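Below: one structure, written as structure tokens.
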Amino acid sequence: MAATNNGNRDLDYYKIRGTNIIVRPGDSVSMRPSESDKLPYIARIEKLEEDSQSNVKVLVRWYYRPEEAKGGRRQFHGAKELFLSDHYDDQSALTIEGKCVVHSLKKYTKLKSVGAEDYFCRYKYRAEDGAFTPERVVVCELPYNPDDLMVQCEGCWDWFHPSCIGMTNDEAQMLEHFFCADCAS
């Protein structure tokens with residue numbers, strides 16, 4: 001633990017009150033919302049700090065859910081999708097409810113089972129103007145949504161939504177082999 005310029009001490013870890021869960025800078029956490037009927041906020045811990053009265057503050061970088069971002073939730077957003085924002089805040093560590101994991105999309109799609117604490121992030125979000133990096137992720141006509149059925153071309157290995165290739169989900173599920181229009185010709 002090192003002393004900071006304001007007389008506070010940097011902490012290497014914090015034990016969530018009432019639990020045996022330890023969180024550290026770099027960990028993602030769920031945080032209690034101000035209204036009890038809201039979903040918990042998700043943030044990444046950037047720094048933990050203790051003042052002279054043993055109050056622990058946490059500097060967090062917020063993740064936004066699609067419905068919290070400009071433009072709102074769209075068809076291609078996954079149910080567990082988050083955007084890493086440029087929005088930072090100091091919060092009381094007492095608002096931390098639990099630890100969670102924010103995976104890359106690639107790692108998320110390889111999970112054997114998705115738990116309540118699992119999320120994924122593929123975009124960075126600028127809160128001030130609602131801009132995304134990358135600006136878009138295109139697969140087929142729409143960006144990939146891990147909650148939607150997709151079929152993979154055996155020629156180019158690209159993924160396609162059944163609706164974008166003129167099929168129903170039922171027809172796509174019955175395919176034994178699929179080649180996109182480019183590879184089929």
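Chain labels A, B, ... are given in the sequence in which chains occur in the structure tokens; within each chain residues are numbered consecutively from 1, and ligands are likewise numbered from 1 in the order shown.
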*Using backbone DSSP assignments, extract all strand (DSSP E or B) residues from region 41-128 of chain A; output them as a PyMOL selection string.*
chain A and resi 41-50+56-64+81-92+96-104+118-126
*Which residues, written as a list in words, have at least one atom at most 10 Å from region 169-171 of chain A, with only C-alpha atoms counted and residues fewer than 3 positions away on the same chain left out?*
Asp148, Leu149, Met150, Val151, His161, Pro162, Ser163, Gly166, Met174 and Leu175 of chain A
Those selected residues, please, written with N, CA, C and O atoms and delivered as a compact mmCIF listing (two decimals), in the first residue's frame.
```
# COMPACT_ATOMS: atom_id res chain seq x y z
N ASP A 148 -28.31 -15.11 -31.40
CA ASP A 148 -29.06 -15.45 -32.60
C ASP A 148 -28.39 -16.59 -33.35
O ASP A 148 -27.16 -16.71 -33.36
N LEU A 149 -29.20 -17.39 -34.03
CA LEU A 149 -28.69 -18.48 -34.86
C LEU A 149 -27.95 -17.90 -36.05
O LEU A 149 -28.40 -16.94 -36.67
N MET A 150 -26.80 -18.49 -36.36
CA MET A 150 -26.05 -18.12 -37.55
C MET A 150 -25.51 -19.40 -38.18
O MET A 150 -25.37 -20.41 -37.50
N VAL A 151 -25.24 -19.34 -39.49
CA VAL A 151 -24.66 -20.48 -40.19
C VAL A 151 -23.31 -20.07 -40.74
O VAL A 151 -23.11 -18.92 -41.12
N HIS A 161 -26.56 -14.67 -40.91
CA HIS A 161 -27.88 -14.84 -40.29
C HIS A 161 -28.76 -15.55 -41.32
O HIS A 161 -28.70 -15.22 -42.52
N PRO A 162 -29.59 -16.49 -40.91
CA PRO A 162 -30.47 -17.16 -41.87
C PRO A 162 -31.30 -16.16 -42.69
O PRO A 162 -31.43 -16.31 -43.90
N SER A 163 -31.84 -15.12 -42.04
CA SER A 163 -32.67 -14.15 -42.76
C SER A 163 -31.89 -13.40 -43.83
O SER A 163 -32.46 -12.99 -44.85
N GLY A 166 -31.86 -15.60 -46.98
CA GLY A 166 -33.16 -16.04 -47.48
C GLY A 166 -33.66 -17.34 -46.92
O GLY A 166 -34.38 -18.08 -47.60
N MET A 174 -31.56 -27.31 -40.28
CA MET A 174 -31.57 -28.61 -40.96
C MET A 174 -30.41 -28.76 -41.95
O MET A 174 -30.21 -29.85 -42.49
N LEU A 175 -29.66 -27.69 -42.21
CA LEU A 175 -28.54 -27.77 -43.16
C LEU A 175 -27.46 -28.71 -42.67
O LEU A 175 -27.09 -28.69 -41.50
```
_Let me make sure I understand: among A:Glu46, A:Glu117, A:Asp86, A:Glu154, which one has the smallest atom-to-atom distance to Lys99 (chain A) if we use only C-alpha atoms?_
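For Lys99 (chain A), the nearest of the candidates is A:Glu117.
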*Go through A:Pro40, A:Pro33, A:Gly130, A:Gly98 and flag the residue nearest Pro66 (chain A), using only C-alpha atoms for the distances.*
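Closest to Pro66 (chain A), using only C-alpha atoms: A:Gly130.
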_Between CA of Ser92 (chain A) and CA of Lys57 (chain A), what distance in Å does the model show, to one decimal?_
4.6 Å
*All helix (DSSP H, G or I) positions in region 3-184 of chain A, as a PyMOL selection string*: chain A and resi 66-68+93-95+105-109+162-165+169-173+181-184
*Long-range neighbours of Arg65 (chain A) as a list of chain:residue names, 10 Å cut-off, only C-alpha atoms, 2 positions minimum in chain*: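 My list of contacting residues is A:Leu39, A:Tyr41, A:Ile42, A:Trp62, A:Tyr63, A:Glu67, A:Glu68, A:Ala69, A:Gly72, A:Arg73, A:His77, A:Gly78, A:Ala79, A:Lys80, A:Glu81, A:Leu82, A:Phe83, A:Leu84, A:Cys121.
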*asked:* Between A:Tyr88, A:Asp147, A:Gln75, A:Val58, which residue has the minimum interatomic distance to Tyr108 (chain A), considering only C-alpha atoms?
replied: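 The shortest atom-to-atom distance to Tyr108 (chain A) comes from A:Asp147.
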_Measuring between only C-alpha atoms, which one of A:Arg17, A:Ala93, A:Ser30, A:Gly155 shows the shortest distance to Leu48 (chain A)?_
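Looking only at the distances to Leu48 (chain A), the closest residue turns out to be A:Ala93.
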*Interatomic distance between CA of Cys156 (chain A) and CA of Cys183 (chain A)?*
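CA of Cys156 (chain A) sits 6.9 Å away from CA of Cys183 (chain A).
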*So, counting only C-alpha atoms, which residue among A:Leu11, A:Met167, A:Ala181, A:Met31 is closest to Cys153 (chain A)?*
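Of all the options, A:Ala181 lies closest to Cys153 (chain A).
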*Taking into account only C-alpha atoms, which residue in the set A:Gln91, A:Gln173, A:Ser113, A:Ser104 is nearest to Val56 (chain A)?*
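Nearest candidate to Val56 (chain A) out of A:Gln91, A:Gln173, A:Ser113, A:Ser104: A:Gln91.
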